[in-house]
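Reviewing the structure listed below.
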Amino acid sequence: MPVDLLSIIKTYYPGIAFIFGLLLIENLSWIAEPTLFGNLIDAFIDKAANDSIGKQLTHIVPLLLWIGLYLINSASGSYRRRIEARVFHQIYVEIVTGIAEQSSKKKCDPLKAASRAQLSQEYITFRSYRPR
């Protein structure tokens with residue numbers, strides 16, 4: 001099994017694309033959240049300044065929008081971290097299995113095979129924490 005980045009992406013495209021999609025949702029909500037929070041603060045200031053009966057519930061919509069976006073951000077981040085570990089662990093297991101099988105067929109030194117497996121683990125760990 002080749003262990004270059006392009007072949008890994010081709011092999012595990014659905015999982016990596018799903019993780020990337022969740023990361024995109026999380027980052028976009030991080031960008032939009034301060035705007036909605038600013039609108040929420042403005043609505044509360046307007047509510048405090050204008051105590052008319054018709055405007056008593058105008059702060060509820062920005063509050064609900066901000067809470068909804070916060071929940072989307074938190075849920076997508078939590079779910080991404082949960083799925084990310086599974087996907088990258090599966091990549092690591094299959095790469096190490098391939099390394100072990102190739103080493104066994106070629107009758108390589110076990111220390112050499114173990115060092116290749118350790119290097120692949122470091123590579124996958126690097127890719128899992130530095131894909132951005």
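Letters for chains follow the order of the structure tokens (A, B, ...), residue numbers begin at 1 for each chain, and ligand numbers begin at 1 in the order shown.
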For this session: Extract, using only C-alpha atoms, all DNA, RNA and protein residues at most 6 Å from range 15-32 of chain A, discarding same-chain residues fewer than 6 positions from it, and format them as a list in words.
Result: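 Close residues of range 15-32 of chain A: Asn73, Ser76, Gly77 and Arg80 of chain A.
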Problem set entry | Residue nearest Ile67 in chain A - candidates A:Ala49, A:Ile83, A:Leu36, A:Cys108, atoms counted: only C-alpha atoms |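 Smallest separation from Ile67 in chain A among the options: A:Leu36.
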Exercise. Hey, can you check how far CA of Tyr123 in chain A sits from CA of Thr11 in chain A?
Worked result: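 CA of Thr11 in chain A lies 16.2 Å from CA of Tyr123 in chain A.
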Can you list, as a PDB file with N, CA and C atoms, in the first residue's frame, every protein, DNA or RNA residue that comes within 12 Å of Tyr12 in chain A when you count only C-alpha atoms, leaving out same-chain residues fewer than 4 positions away?
ATOM      1  N   LEU A   5       0.584  11.067   0.456  1.00  0.00           N
ATOM      2  CA  LEU A   5      -0.602  11.810   0.886  1.00  0.00           C
ATOM      3  C   LEU A   5      -1.747  11.694  -0.115  1.00  0.00           C
ATOM      4  N   LEU A   6      -1.453  11.740  -1.394  1.00  0.00           N
ATOM      5  CA  LEU A   6      -2.505  11.684  -2.407  1.00  0.00           C
ATOM      6  C   LEU A   6      -3.236  10.341  -2.386  1.00  0.00           C
ATOM      7  N   SER A   7      -2.516   9.249  -2.225  1.00  0.00           N
ATOM      8  CA  SER A   7      -3.173   7.938  -2.187  1.00  0.00           C
ATOM      9  C   SER A   7      -4.000   7.773  -0.912  1.00  0.00           C
ATOM     10  N   ILE A   8      -3.538   8.357   0.188  1.00  0.00           N
ATOM     11  CA  ILE A   8      -4.316   8.304   1.429  1.00  0.00           C
ATOM     12  C   ILE A   8      -5.618   9.080   1.261  1.00  0.00           C
ATOM     13  N   ILE A  16     -12.401  11.811   5.117  1.00  0.00           N
ATOM     14  CA  ILE A  16     -11.653  13.070   5.152  1.00  0.00           C
ATOM     15  C   ILE A  16     -12.530  14.222   4.688  1.00  0.00           C
ATOM     16  N   ALA A  17     -13.355  14.002   3.670  1.00  0.00           N
ATOM     17  CA  ALA A  17     -14.258  15.058   3.191  1.00  0.00           C
ATOM     18  C   ALA A  17     -15.300  15.412   4.251  1.00  0.00           C
ATOM     19  N   PHE A  18     -15.794  14.413   4.961  1.00  0.00           N
ATOM     20  CA  PHE A  18     -16.770  14.669   6.026  1.00  0.00           C
ATOM     21  C   PHE A  18     -16.135  15.488   7.150  1.00  0.00           C
ATOM     22  N   ILE A  19     -14.910  15.133   7.528  1.00  0.00           N
ATOM     23  CA  ILE A  19     -14.194  15.882   8.559  1.00  0.00           C
ATOM     24  C   ILE A  19     -13.953  17.318   8.086  1.00  0.00           C
ATOM     25  N   GLU A  84     -12.980  12.373  13.768  1.00  0.00           N
ATOM     26  CA  GLU A  84     -11.604  12.532  13.320  1.00  0.00           C
ATOM     27  C   GLU A  84     -10.689  11.459  13.907  1.00  0.00           C
ATOM     28  N   ARG A  86     -11.472   8.474  14.870  1.00  0.00           N
ATOM     29  CA  ARG A  86     -11.760   7.163  14.252  1.00  0.00           C
ATOM     30  C   ARG A  86     -11.157   7.055  12.853  1.00  0.00           C
ATOM     31  N   VAL A  87     -11.348   8.098  12.052  1.00  0.00           N
ATOM     32  CA  VAL A  87     -10.863   8.054  10.670  1.00  0.00           C
ATOM     33  C   VAL A  87      -9.345   7.953  10.634  1.00  0.00           C
ATOM     34  N   PHE A  88      -8.665   8.797  11.406  1.00  0.00           N
ATOM     35  CA  PHE A  88      -7.209   8.771  11.375  1.00  0.00           C
ATOM     36  C   PHE A  88      -6.646   7.505  12.022  1.00  0.00           C
ATOM     37  N   HIS A  89      -7.336   6.957  12.994  1.00  0.00           N
ATOM     38  CA  HIS A  89      -6.895   5.675  13.567  1.00  0.00           C
ATOM     39  C   HIS A  89      -7.025   4.569  12.519  1.00  0.00           C
ATOM     40  N   GLN A  90      -8.097   4.571  11.748  1.00  0.00           N
ATOM     41  CA  GLN A  90      -8.281   3.562  10.698  1.00  0.00           C
ATOM     42  C   GLN A  90      -7.184   3.687   9.637  1.00  0.00           C
ATOM     43  N   ILE A  91      -6.847   4.923   9.270  1.00  0.00           N
ATOM     44  CA  ILE A  91      -5.762   5.130   8.310  1.00  0.00           C
ATOM     45  C   ILE A  91      -4.463   4.548   8.865  1.00  0.00           C
ATOM     46  N   TYR A  92      -4.179   4.846  10.127  1.00  0.00           N
ATOM     47  CA  TYR A  92      -2.950   4.352  10.749  1.00  0.00           C
ATOM     48  C   TYR A  92      -2.925   2.821  10.794  1.00  0.00           C
ATOM     49  N   GLU A  94      -4.426   0.641   8.870  1.00  0.00           N
ATOM     50  CA  GLU A  94      -4.230   0.034   7.552  1.00  0.00           C
ATOM     51  C   GLU A  94      -2.813   0.263   7.019  1.00  0.00           C
ATOM     52  N   ILE A  95      -2.234   1.421   7.297  1.00  0.00           N
ATOM     53  CA  ILE A  95      -0.864   1.671   6.848  1.00  0.00           C
ATOM     54  C   ILE A  95       0.112   0.751   7.582  1.00  0.00           C
TER      55      ILE A  95
END
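Closest approach to Ala114 in chain A from the set A:Val96, A:Ile72, A:Ile60, A:Ala48 is made by A:Val96, with distances taken over only C-alpha atoms.
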Problem set entry | In chain A, DSSP alpha helix (DSSP H) residues written as a PyMOL selection string | chain A and resi 5-11+13-49+60-106+110-129
Exercise. Hey, what's within 9 Å of Asp42 in chain A if we count only C-alpha atoms and toss same-chain stuff fewer than 5 positions away? As a PyMOL selection string, please?
Worked result: chain A and resi 37+47+59
With N, CA and C atoms retained, could you export that selection as an mmCIF file, in the first residue's frame?
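And here's part_18.cif as it stands now:
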data_model
loop_
_atom_site.group_PDB
_atom_site.id
_atom_site.type_symbol
_atom_site.label_atom_id
_atom_site.label_comp_id
_atom_site.auth_asym_id
_atom_site.auth_seq_id
_atom_site.Cartn_x
_atom_site.Cartn_y
_atom_site.Cartn_z
ATOM 1 N N PHE A 37 -23.560 37.970 18.027
ATOM 2 C CA PHE A 37 -23.478 38.403 19.418
ATOM 3 C C PHE A 37 -23.560 39.931 19.507
ATOM 4 N N LYS A 47 -33.699 47.436 23.721
ATOM 5 C CA LYS A 47 -34.794 47.063 24.616
ATOM 6 C C LYS A 47 -34.739 47.888 25.898
ATOM 7 N N HIS A 59 -35.657 41.385 21.270
ATOM 8 C CA HIS A 59 -34.348 40.819 21.615
ATOM 9 C C HIS A 59 -34.341 39.299 21.566
#
For this session: Quick one: everything within 9 Å of Gln121 in chain A, counting only C-alpha atoms, minus sequence neighbours fewer than 3 positions away in the same chain. Send it as a list in words.
Result: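 Skipping anything fewer than 3 positions along the chain leaves Tyr92, Val93, Ile95, Val96, Arg116, Ala117, Gln118, Ile124, Thr125 and Phe126 of chain A.
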Problem set entry | Distance of CA of Ser104 in chain A from CA of Leu119 in chain A, expressed in Å to one decimal place | 17.7 Å
